[in-house]
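Below: input_9.pdb (PDB, C-alpha atoms)
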ATOM      1  CA  MET A   1      -5.696  24.167 -34.850
ATOM      2  CA  SER A   2      -2.424  23.089 -33.300
ATOM      3  CA  GLU A   3      -0.521  22.320 -36.504
ATOM      4  CA  ARG A   4       1.584  24.981 -38.123
ATOM      5  CA  ARG A   5      -0.398  27.175 -40.553
ATOM      6  CA  VAL A   6       0.584  26.701 -44.183
ATOM      7  CA  THR A   7       0.593  29.853 -46.311
ATOM      8  CA  LEU A   8       1.252  29.990 -50.052
ATOM      9  CA  ILE A   9       2.190  33.388 -51.476
ATOM     10  CA  THR A  10       2.800  34.134 -55.149
ATOM     11  CA  GLY A  11       5.367  36.649 -56.372
ATOM     12  CA  THR A  12       7.657  36.442 -53.344
ATOM     13  CA  ARG A  13      10.968  37.362 -54.943
ATOM     14  CA  LYS A  14      10.597  41.041 -54.069
ATOM     15  CA  GLY A  15       8.235  43.842 -53.062
ATOM     16  CA  ILE A  16       5.020  43.156 -51.133
ATOM     17  CA  GLY A  17       5.289  39.398 -51.763
ATOM     18  CA  ARG A  18       8.670  39.167 -50.101
ATOM     19  CA  PHE A  19       7.470  41.338 -47.216
ATOM     20  CA  LEU A  20       4.413  39.123 -46.667
ATOM     21  CA  ALA A  21       6.491  35.936 -46.877
ATOM     22  CA  GLU A  22       8.821  37.193 -44.163
ATOM     23  CA  HIS A  23       5.878  38.563 -42.161
ATOM     24  CA  TYR A  24       4.131  35.164 -42.062
ATOM     25  CA  VAL A  25       7.350  33.235 -41.441
ATOM     26  CA  ALA A  26       7.835  35.541 -38.425
ATOM     27  CA  GLN A  27       4.292  34.660 -37.283
ATOM     28  CA  GLY A  28       5.239  30.979 -37.293
ATOM     29  CA  HIS A  29       3.591  29.913 -40.560
ATOM     30  CA  GLN A  30       5.153  27.436 -42.950
ATOM     31  CA  VAL A  31       5.404  29.673 -46.027
ATOM     32  CA  ILE A  32       5.631  28.435 -49.594
ATOM     33  CA  GLY A  33       6.532  31.092 -52.112
ATOM     34  CA  CYS A  34       6.813  31.188 -55.826
ATOM     35  CA  SER A  35       8.160  33.376 -58.598
ATOM     36  CA  ARG A  36       9.789  32.700 -61.927
ATOM     37  CA  GLN A  37      13.285  33.342 -60.568
ATOM     38  CA  PRO A  38      14.472  32.124 -57.155
ATOM     39  CA  PRO A  39      14.738  34.824 -54.477
ATOM     40  CA  GLU A  40      18.004  36.044 -52.997
ATOM     41  CA  TRP A  41      16.890  35.219 -49.472
ATOM     42  CA  GLU A  42      15.959  32.096 -47.549
ATOM     43  CA  HIS A  43      14.513  30.928 -44.245
ATOM     44  CA  GLU A  44      14.079  27.522 -42.637
ATOM     45  CA  ARG A  45      10.270  27.805 -42.690
ATOM     46  CA  TYR A  46      10.241  29.130 -46.261
ATOM     47  CA  LEU A  47      10.068  26.806 -49.247
ATOM     48  CA  HIS A  48      10.500  28.392 -52.661
ATOM     49  CA  ILE A  49       9.088  26.711 -55.746
ATOM     50  CA  SER A  50      10.007  28.409 -59.007
ATOM     51  CA  ALA A  51       6.986  28.684 -61.277
ATOM     52  CA  ASP A  52       5.433  30.978 -63.834
ATOM     53  CA  VAL A  53       1.924  31.752 -62.524
ATOM     54  CA  THR A  54       0.554  31.840 -66.076
ATOM     55  CA  ASP A  55       1.763  28.340 -66.937
ATOM     56  CA  GLU A  56      -0.948  25.827 -66.001
ATOM     57  CA  ALA A  57       1.406  22.820 -66.082
ATOM     58  CA  GLN A  58       3.892  24.550 -63.794
ATOM     59  CA  VAL A  59       1.143  25.638 -61.403
ATOM     60  CA  LYS A  60      -0.212  22.084 -61.230
ATOM     61  CA  GLU A  61       3.286  20.730 -60.628
ATOM     62  CA  LEU A  62       3.725  23.251 -57.798
ATOM     63  CA  PHE A  63       0.518  22.051 -56.137
ATOM     64  CA  ALA A  64       1.484  18.387 -56.640
ATOM     65  CA  ARG A  65       4.743  19.107 -54.822
ATOM     66  CA  LEU A  66       2.900  21.027 -52.105
ATOM     67  CA  ARG A  67       0.538  18.069 -51.584
ATOM     68  CA  ARG A  68       3.462  15.638 -51.452
ATOM     69  CA  GLU A  69       5.820  17.644 -49.263
ATOM     70  CA  VAL A  70       3.497  19.669 -47.037
ATOM     71  CA  GLY A  71       0.168  17.879 -47.383
ATOM     72  CA  ARG A  72      -2.162  20.776 -46.693
ATOM     73  CA  LEU A  73      -2.835  24.451 -47.336
ATOM     74  CA  ASP A  74      -4.594  26.951 -45.081
ATOM     75  CA  HIS A  75      -3.904  30.238 -46.864
ATOM     76  CA  LEU A  76      -3.281  31.459 -50.385
ATOM     77  CA  VAL A  77      -2.175  35.036 -51.054
ATOM     78  CA  ASN A  78      -2.366  35.819 -54.782
ATOM     79  CA  ASN A  79       0.129  38.653 -54.763
ATOM     80  CA  ALA A  80       1.889  38.103 -58.105
ATOM     81  CA  GLY A  81       0.963  40.787 -60.571
ATOM     82  CA  ILE A  82       2.249  43.090 -63.245
ATOM     83  CA  ALA A  83       1.240  46.603 -64.231
ATOM     84  CA  ALA A  84       1.135  48.371 -67.560
ATOM     85  CA  MET A  85       0.964  52.152 -67.550
ATOM     86  CA  ASN A  86       0.017  53.402 -70.965
ATOM     87  CA  HIS A  87      -2.740  55.150 -72.879
ATOM     88  CA  SER A  88      -5.096  52.520 -74.287
ATOM     89  CA  LEU A  89      -4.494  53.756 -77.853
ATOM     90  CA  LEU A  90      -0.770  53.168 -77.422
ATOM     91  CA  THR A  91      -1.016  49.768 -75.745
ATOM     92  CA  PRO A  92       0.052  46.733 -77.800
ATOM     93  CA  TYR A  93      -2.359  43.802 -77.657
ATOM     94  CA  ALA A  94       0.490  41.583 -76.480
ATOM     95  CA  THR A  95       0.696  43.743 -73.338
ATOM     96  CA  VAL A  96      -3.033  43.348 -72.653
ATOM     97  CA  ARG A  97      -2.707  39.578 -72.943
ATOM     98  CA  ARG A  98       0.350  39.464 -70.692
ATOM     99  CA  VAL A  99      -1.342  41.595 -68.009
ATOM    100  CA  MET A 100      -4.570  39.564 -68.152
ATOM    101  CA  GLU A 101      -2.723  36.243 -68.089
ATOM    102  CA  THR A 102      -0.656  37.187 -65.061
ATOM    103  CA  ASN A 103      -3.184  39.126 -62.993
ATOM    104  CA  LEU A 104      -6.410  37.291 -63.828
ATOM    105  CA  GLY A 105      -5.089  33.974 -65.187
ATOM    106  CA  GLY A 106      -2.528  33.477 -62.419
ATOM    107  CA  THR A 107      -5.050  34.342 -59.714
ATOM    108  CA  PHE A 108      -7.578  31.960 -61.271
ATOM    109  CA  LEU A 109      -5.176  29.022 -61.593
ATOM    110  CA  PHE A 110      -3.828  29.335 -58.052
ATOM    111  CA  SER A 111      -7.293  29.842 -56.550
ATOM    112  CA  ARG A 112      -8.699  26.820 -58.377
ATOM    113  CA  GLU A 113      -5.877  24.496 -57.416
ATOM    114  CA  ALA A 114      -5.728  25.822 -53.830
ATOM    115  CA  ALA A 115      -9.481  25.407 -53.382
ATOM    116  CA  LYS A 116      -9.253  21.771 -54.518
ATOM    117  CA  LEU A 117      -6.822  21.173 -51.686
ATOM    118  CA  MET A 118      -8.654  23.342 -49.140
ATOM    119  CA  GLN A 119     -12.092  21.803 -49.736
ATOM    120  CA  ARG A 120     -10.834  18.471 -48.379
ATOM    121  CA  ALA A 121     -10.148  20.158 -45.026
ATOM    122  CA  LYS A 122     -13.302  22.329 -45.270
ATOM    123  CA  TYR A 123     -11.119  25.311 -44.392
ATOM    124  CA  GLY A 124      -9.270  27.895 -46.421
ATOM    125  CA  ARG A 125      -8.496  31.574 -46.836
ATOM    126  CA  ILE A 126      -7.720  33.091 -50.220
ATOM    127  CA  VAL A 127      -6.615  36.721 -50.485
ATOM    128  CA  ASN A 128      -6.431  38.361 -53.902
ATOM    129  CA  PHE A 129      -4.928  41.652 -54.967
ATOM    130  CA  THR A 130      -6.807  44.429 -56.703
ATOM    131  CA  THR A 131      -5.950  48.147 -56.718
ATOM    132  CA  VAL A 132      -7.503  51.513 -55.907
ATOM    133  CA  ALA A 133      -7.042  52.244 -59.624
ATOM    134  CA  VAL A 134     -10.254  50.214 -60.183
ATOM    135  CA  PRO A 135     -12.676  52.448 -58.213
ATOM    136  CA  LEU A 136     -10.686  55.562 -59.265
ATOM    137  CA  LYS A 137     -10.963  54.503 -62.930
ATOM    138  CA  LEU A 138      -7.422  55.661 -63.418
ATOM    139  CA  GLU A 139      -6.563  56.935 -66.876
ATOM    140  CA  GLY A 140      -3.449  55.470 -68.421
ATOM    141  CA  GLU A 141      -3.965  52.067 -66.840
ATOM    142  CA  ALA A 142      -6.771  50.540 -68.912
ATOM    143  CA  ALA A 143      -5.286  47.044 -69.215
ATOM    144  CA  TYR A 144      -4.137  46.920 -65.592
ATOM    145  CA  VAL A 145      -7.454  48.243 -64.241
ATOM    146  CA  ALA A 146      -9.439  45.840 -66.445
ATOM    147  CA  SER A 147      -7.383  42.890 -65.205
ATOM    148  CA  LYS A 148      -7.866  43.889 -61.558
ATOM    149  CA  ALA A 149     -11.602  44.532 -62.053
ATOM    150  CA  ALA A 150     -11.703  40.967 -63.357
ATOM    151  CA  VAL A 151      -9.899  39.784 -60.217
ATOM    152  CA  GLU A 152     -12.586  41.504 -58.116
ATOM    153  CA  GLY A 153     -15.316  39.697 -60.075
ATOM    154  CA  LEU A 154     -13.514  36.392 -59.735
ATOM    155  CA  THR A 155     -13.107  36.950 -55.988
ATOM    156  CA  GLN A 156     -16.793  37.677 -55.479
ATOM    157  CA  VAL A 157     -18.120  34.810 -57.597
ATOM    158  CA  MET A 158     -15.680  32.225 -56.206
ATOM    159  CA  ALA A 159     -16.544  33.445 -52.692
ATOM    160  CA  ARG A 160     -20.146  32.382 -53.351
ATOM    161  CA  GLU A 161     -19.127  29.094 -54.976
ATOM    162  CA  LEU A 162     -16.722  28.093 -52.220
ATOM    163  CA  GLY A 163     -18.517  29.405 -49.128
ATOM    164  CA  GLN A 164     -20.031  25.972 -48.509
ATOM    165  CA  TYR A 165     -16.546  24.505 -48.251
ATOM    166  CA  GLY A 166     -15.423  26.852 -45.476
ATOM    167  CA  ILE A 167     -13.210  28.720 -47.937
ATOM    168  CA  THR A 168     -13.281  32.529 -47.934
ATOM    169  CA  LEU A 169     -12.058  34.786 -50.748
ATOM    170  CA  ASN A 170     -11.423  38.492 -50.280
ATOM    171  CA  ALA A 171      -9.314  41.139 -51.956
ATOM    172  CA  ILE A 172      -7.055  43.969 -50.880
ATOM    173  CA  GLY A 173      -6.811  47.111 -53.002
ATOM    174  CA  PRO A 174      -3.605  48.921 -52.113
ATOM    175  CA  VAL A 175      -2.783  52.535 -52.927
ATOM    176  CA  PRO A 176       0.631  53.147 -54.533
ATOM    177  CA  ILE A 177       3.412  51.602 -52.473
ATOM    178  CA  ALA A 178       7.090  52.282 -53.099
ATOM    179  CA  THR A 179       7.901  49.056 -54.966
ATOM    180  CA  ASP A 180       9.203  48.257 -58.445
ATOM    181  CA  LEU A 181       5.622  48.220 -59.719
ATOM    182  CA  ILE A 182       5.328  52.024 -59.521
ATOM    183  CA  ARG A 183       8.976  52.961 -60.063
ATOM    184  CA  ALA A 184       8.375  53.910 -63.685
ATOM    185  CA  VAL A 185       5.285  56.020 -62.972
ATOM    186  CA  PRO A 186       5.909  59.799 -63.173
ATOM    187  CA  LYS A 187       5.992  61.520 -59.768
ATOM    188  CA  ASP A 188       3.168  63.955 -60.596
ATOM    189  CA  LYS A 189       0.892  61.030 -61.509
ATOM    190  CA  ILE A 190       1.531  59.399 -58.130
ATOM    191  CA  GLU A 191       0.927  62.715 -56.334
ATOM    192  CA  ALA A 192      -2.365  63.210 -58.197
ATOM    193  CA  LEU A 193      -3.438  59.709 -57.248
ATOM    194  CA  VAL A 194      -2.494  60.116 -53.589
ATOM    195  CA  GLY A 195      -4.455  63.402 -53.637
ATOM    196  CA  ARG A 196      -7.662  61.430 -54.327
ATOM    197  CA  GLN A 197      -7.267  59.326 -51.165
ATOM    198  CA  ALA A 198      -8.971  60.188 -47.861
ATOM    199  CA  ILE A 199      -5.584  59.752 -46.191
ATOM    200  CA  ARG A 200      -2.958  61.320 -48.418
ATOM    201  CA  ARG A 201       0.232  59.326 -48.239
ATOM    202  CA  LEU A 202       1.848  56.397 -50.027
ATOM    203  CA  GLY A 203       0.907  52.999 -48.649
ATOM    204  CA  SER A 204       3.308  50.657 -46.932
ATOM    205  CA  CYS A 205       3.779  46.904 -46.925
ATOM    206  CA  GLU A 206       2.653  46.971 -43.260
ATOM    207  CA  ASP A 207      -0.682  48.519 -44.345
ATOM    208  CA  VAL A 208      -1.203  45.612 -46.752
ATOM    209  CA  ALA A 209      -0.118  42.990 -44.199
ATOM    210  CA  ASN A 210      -2.616  44.385 -41.679
ATOM    211  CA  VAL A 211      -5.594  43.794 -43.997
ATOM    212  CA  CYS A 212      -4.179  40.443 -45.076
ATOM    213  CA  ASP A 213      -3.867  39.394 -41.400
ATOM    214  CA  PHE A 214      -7.536  40.233 -40.903
ATOM    215  CA  PHE A 215      -8.687  38.170 -43.903
ATOM    216  CA  LEU A 216      -6.498  35.190 -42.922
ATOM    217  CA  GLN A 217      -7.402  34.921 -39.275
ATOM    218  CA  PRO A 218      -9.667  31.985 -38.303
ATOM    219  CA  ALA A 219     -12.162  34.420 -36.731
ATOM    220  CA  SER A 220     -12.772  35.963 -40.201
ATOM    221  CA  GLY A 221     -14.636  32.860 -41.380
ATOM    222  CA  PHE A 222     -17.834  34.898 -41.894
ATOM    223  CA  VAL A 223     -16.110  37.535 -44.066
ATOM    224  CA  THR A 224     -16.021  36.670 -47.758
ATOM    225  CA  GLY A 225     -16.362  38.311 -51.174
ATOM    226  CA  GLN A 226     -15.189  41.635 -49.748
ATOM    227  CA  ILE A 227     -12.847  44.196 -51.268
ATOM    228  CA  ILE A 228     -10.958  46.485 -48.887
ATOM    229  CA  TYR A 229      -9.232  49.496 -50.410
ATOM    230  CA  LEU A 230      -6.491  51.230 -48.483
ATOM    231  CA  GLY A 231      -6.231  54.953 -47.919
ATOM    232  CA  GLY A 232      -9.959  55.569 -47.747
ATOM    233  CA  VAL A 233     -10.594  55.283 -51.482
TER     234      VAL A 233
ATOM    235  CA  MET B   1      -9.769   1.097 -68.437
ATOM    236  CA  LYS B   2     -13.383   2.106 -67.816
ATOM    237  CA  ASP B   3     -13.966  -1.238 -66.055
ATOM    238  CA  GLN B   4     -11.111  -0.479 -63.680
ATOM    239  CA  ILE B   5     -12.435   2.994 -62.888
ATOM    240  CA  LEU B   6     -16.150   2.171 -62.590
ATOM    241  CA  PRO B   7     -16.150   0.410 -59.160
ATOM    242  CA  PHE B   8     -14.061   3.228 -57.726
ATOM    243  CA  ILE B   9     -16.511   5.863 -59.034
ATOM    244  CA  ILE B  10     -19.480   3.957 -57.611
ATOM    245  CA  GLU B  11     -17.775   3.729 -54.231
ATOM    246  CA  THR B  12     -16.769   7.421 -54.315
ATOM    247  CA  THR B  13     -20.295   8.502 -55.303
ATOM    248  CA  ARG B  14     -21.716   6.582 -52.364
ATOM    249  CA  SER B  15     -19.312   8.116 -49.882
ATOM    250  CA  ILE B  16     -19.808  11.674 -51.205
ATOM    251  CA  ALA B  17     -23.598  11.240 -51.032
ATOM    252  CA  GLU B  18     -23.322  10.001 -47.452
ATOM    253  CA  GLU B  19     -20.989  12.829 -46.536
ATOM    254  CA  GLN B  20     -23.506  15.364 -47.910
ATOM    255  CA  GLY B  21     -26.440  13.703 -46.145
ATOM    256  CA  ILE B  22     -28.025  12.497 -49.410
ATOM    257  CA  GLU B  23     -30.009   9.285 -49.084
ATOM    258  CA  VAL B  24     -29.024   6.531 -51.519
ATOM    259  CA  SER B  25     -31.804   4.010 -52.065
ATOM    260  CA  GLY B  26     -30.732   0.801 -53.746
ATOM    261  CA  GLU B  27     -27.685  -0.096 -55.785
ATOM    262  CA  LEU B  28     -25.625   2.379 -57.752
ATOM    263  CA  ASP B  29     -24.590   1.399 -61.250
ATOM    264  CA  GLU B  30     -23.561   2.797 -64.629
ATOM    265  CA  ALA B  31     -27.068   4.082 -65.311
ATOM    266  CA  THR B  32     -27.354   6.042 -62.053
ATOM    267  CA  ARG B  33     -28.074   9.650 -62.980
ATOM    268  CA  LEU B  34     -25.743  11.966 -61.090
ATOM    269  CA  PHE B  35     -27.400  15.347 -61.512
ATOM    270  CA  GLY B  36     -30.283  17.149 -63.198
ATOM    271  CA  GLU B  37     -33.785  15.672 -63.255
ATOM    272  CA  GLY B  38     -33.851  12.552 -61.109
ATOM    273  CA  GLY B  39     -30.154  13.018 -60.344
ATOM    274  CA  LEU B  40     -28.599  11.823 -57.125
ATOM    275  CA  LEU B  41     -26.402  14.813 -56.348
ATOM    276  CA  ASP B  42     -26.763  18.579 -56.023
ATOM    277  CA  SER B  43     -24.143  20.816 -57.648
ATOM    278  CA  LEU B  44     -22.036  21.021 -54.499
ATOM    279  CA  ALA B  45     -21.907  17.230 -54.176
ATOM    280  CA  LEU B  46     -21.171  16.898 -57.906
ATOM    281  CA  VAL B  47     -18.156  19.217 -57.585
ATOM    282  CA  SER B  48     -16.953  17.212 -54.571
ATOM    283  CA  LEU B  49     -17.380  13.964 -56.543
ATOM    284  CA  VAL B  50     -15.427  15.225 -59.553
ATOM    285  CA  LEU B  51     -12.586  16.450 -57.315
ATOM    286  CA  ALA B  52     -12.560  13.141 -55.409
ATOM    287  CA  VAL B  53     -12.385  11.227 -58.699
ATOM    288  CA  GLU B  54      -9.463  13.390 -59.899
ATOM    289  CA  GLN B  55      -7.655  12.808 -56.595
ATOM    290  CA  GLY B  56      -8.461   9.095 -56.621
ATOM    291  CA  ILE B  57      -7.070   8.666 -60.142
ATOM    292  CA  GLU B  58      -3.882  10.395 -59.054
ATOM    293  CA  GLU B  59      -3.549   8.087 -56.038
ATOM    294  CA  LYS B  60      -4.515   4.844 -57.792
ATOM    295  CA  PHE B  61      -3.012   5.359 -61.236
ATOM    296  CA  GLY B  62      -0.292   7.924 -60.506
ATOM    297  CA  ALA B  63      -1.636  10.244 -63.195
ATOM    298  CA  ARG B  64      -2.780  13.835 -62.788
ATOM    299  CA  VAL B  65      -5.747  14.130 -65.097
ATOM    300  CA  GLU B  66      -8.250  16.931 -65.149
ATOM    301  CA  ILE B  67     -11.834  15.959 -65.672
ATOM    302  CA  ALA B  68     -13.075  19.531 -65.499
ATOM    303  CA  ASP B  69     -15.029  20.328 -68.623
ATOM    304  CA  ASP B  70     -16.866  23.269 -70.186
ATOM    305  CA  LYS B  71     -19.935  21.092 -70.746
ATOM    306  CA  ALA B  72     -19.954  20.031 -67.081
ATOM    307  CA  LEU B  73     -23.407  21.367 -66.286
ATOM    308  CA  SER B  74     -25.107  20.695 -69.621
ATOM    309  CA  GLN B  75     -28.113  18.401 -69.160
ATOM    310  CA  LYS B  76     -27.593  16.818 -72.548
ATOM    311  CA  ASN B  77     -23.863  16.654 -73.107
ATOM    312  CA  SER B  78     -22.289  16.707 -69.658
ATOM    313  CA  PRO B  79     -19.719  13.976 -69.121
ATOM    314  CA  TYR B  80     -21.032  13.808 -65.544
ATOM    315  CA  ARG B  81     -24.627  12.854 -66.439
ATOM    316  CA  THR B  82     -24.401   9.335 -65.082
ATOM    317  CA  ILE B  83     -21.883   7.191 -63.250
ATOM    318  CA  GLY B  84     -21.239   5.409 -66.572
ATOM    319  CA  THR B  85     -20.527   8.583 -68.564
ATOM    320  CA  LEU B  86     -18.271   9.899 -65.805
ATOM    321  CA  ALA B  87     -16.324   6.617 -65.748
ATOM    322  CA  ALA B  88     -16.013   6.669 -69.550
ATOM    323  CA  TYR B  89     -14.842  10.279 -69.514
ATOM    324  CA  ALA B  90     -12.312   9.682 -66.731
ATOM    325  CA  ALA B  91     -10.999   6.585 -68.563
ATOM    326  CA  GLN B  92     -10.676   8.559 -71.796
ATOM    327  CA  GLU B  93      -8.721  11.347 -70.045
ATOM    328  CA  LEU B  94      -6.493   8.819 -68.296
ATOM    329  CA  GLU B  95      -5.741   7.023 -71.582
ATOM    330  CA  ALA B  96      -5.001  10.359 -73.308
ATOM    331  CA  HIS B  97      -2.677  11.264 -70.429
ATOM    332  CA  ARG B  98      -0.829   7.944 -70.772
ATOM    333  CA  ALA B  99      -0.610   8.211 -74.555
ATOM    334  CA  ALA B 100       0.917  11.684 -74.155
ATOM    335  CA  GLY B 101       3.550  10.030 -71.984
TER     336      GLY B 101
END

Could you write out this file's structure as structure tokens?
Amino acid sequence: MSERRVTLITGTRKGIGRFLAEHYVAQGHQVIGCSRQPPEWEHERYLHISADVTDEAQVKELFARLRREVGRLDHLVNNAGIAAMNHSLLTPYATVRRVMETNLGGTFLFSREAAKLMQRAKYGRIVNFTTVAVPLKLEGEAAYVASKAAVEGLTQVMARELGQYGITLNAIGPVPIATDLIRAVPKDKIEALVGRQAIRRLGSCEDVANVCDFFLQPASGFVTGQIIYLGGV
Amino acid sequence: MKDQILPFIIETTRSIAEEQGIEVSGELDEATRLFGEGGLLDSLALVSLVLAVEQGIEEKFGARVEIADDKALSQKNSPYRTIGTLAAYAAQELEAHRAAG
């Protein structure tokens, strides 16, 4: 394909999302990013569209603009997510709803709208984000783990539904990475978690980008519905 | 409104069927059953048709309507049972969209 690859990434204002946006801009992709607030950085091949991933009308407006201004979409990286670290008995229901709406709802809305666009071209790559906390059944993260387990289910079912359209869906499960998401987690908790990995260190944005690169590459067209956890979990 | 949408749905159904290698014998009309027993399309082609109709409405009428529905695959109540019911459903959604301004 000679045209420039078009990559949409959610949650690009900071953390892994920002890293991936800059990573794919550097690889020559046209990158479209979104977050509720605009980022403090810019690039000529980066278009930012402010949107709340849980707001269906805003998500649809984002895709309408993408269709109008860019016209196609090769890759979607559903990075936007929030965590909630708390004992289930101390977790307000409002928190559960917020976590589910962002992590599952946002991933669903973007995947559905992206797939509508991708199926026309019979080509697409969708990468979702889960976490090693799912297979580790991490205590203190019931709502977060449940939302990410749901993302894994969504990934695997949509992979089967969209395979015929040349669209693949896979998920990356990172270990803790030094971003805002884990800043509030006590150090001993992080150390205990890292201790359960085959390779005992914090993850890096480069580790995530490496797996994402693999899922996005055209040669990975026969890889779908897969979950890759980092760190040997 | 339904009368305006109907010819476009017939034309889109024909092109989706051709694209999917499904043989269309004879004329297509309001009574043509789209899926289920005696239906023209398989589920993959039905999804493609619904998406093409959504996109076509956006292009022709400048309105972004969603004709996705929870009863989509119900044999009895699906708005996609026949070309006629799909046209009626799309027209209803388009009118609701316009009324909402």

Residues of chain B near chain A: apply a cut-off of 12 Å, count all atoms listed in the file, and supply the list as a VMD selection string. chain B and resid 16 19 to 20 43 to 45 47 to 55 58 to 59 62 to 66 68

Expanded to explicit residues, what is the PyMOL selection byres ((chain A and resi 84-98) around 12) for this file, as an MDAnalysis selection string? chainID A and resid 53:55 81:83 99:106 133 138:148 181:186 189:190

Would you list the contacts of region 217-230 of chain A as an mmCIF file with C-alpha atoms, in the coordinates of the input, taking every protein, DNA or RNA residue within 7 Å and counting only C-alpha atoms, but skipping same-chain residues closer than 6 positions in sequence?
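Now in selection.cif:
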data_model
loop_
_atom_site.group_PDB
_atom_site.id
_atom_site.type_symbol
_atom_site.label_atom_id
_atom_site.label_comp_id
_atom_site.auth_asym_id
_atom_site.auth_seq_id
_atom_site.Cartn_x
_atom_site.Cartn_y
_atom_site.Cartn_z
ATOM 1 C CA VAL A 132 -7.503 51.513 -55.907
ATOM 2 C CA THR A 155 -13.107 36.950 -55.988
ATOM 3 C CA GLN A 156 -16.793 37.677 -55.479
ATOM 4 C CA ALA A 159 -16.544 33.445 -52.692
ATOM 5 C CA THR A 168 -13.281 32.529 -47.934
ATOM 6 C CA LEU A 169 -12.058 34.786 -50.748
ATOM 7 C CA ASN A 170 -11.423 38.492 -50.280
ATOM 8 C CA ALA A 171 -9.314 41.139 -51.956
ATOM 9 C CA ILE A 172 -7.055 43.969 -50.880
ATOM 10 C CA GLY A 173 -6.811 47.111 -53.002
ATOM 11 C CA PRO A 174 -3.605 48.921 -52.113
ATOM 12 C CA VAL A 175 -2.783 52.535 -52.927
#

Region 78-95 of chain B surroundings by all atoms listed in the file, 7 Å radius, close-in-sequence under 3 positions cut, as a list in words: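 What passes the distance filter is Met1, Lys2, Ile5, Leu6, Ile9, Ile10, Asp29, Glu30, Ala31, Thr32, Arg33, Leu34, Phe35, Val65, Ile67, Lys71, Ala72, Leu73, Ser74, Gln75, Arg98 and Ala99 of chain B.
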
Test item: the PyMOL selection byres ((chain A and resi 4) around 10) resolved as number ranges by chain: A: 1-3, 5-7, 28-31, 74
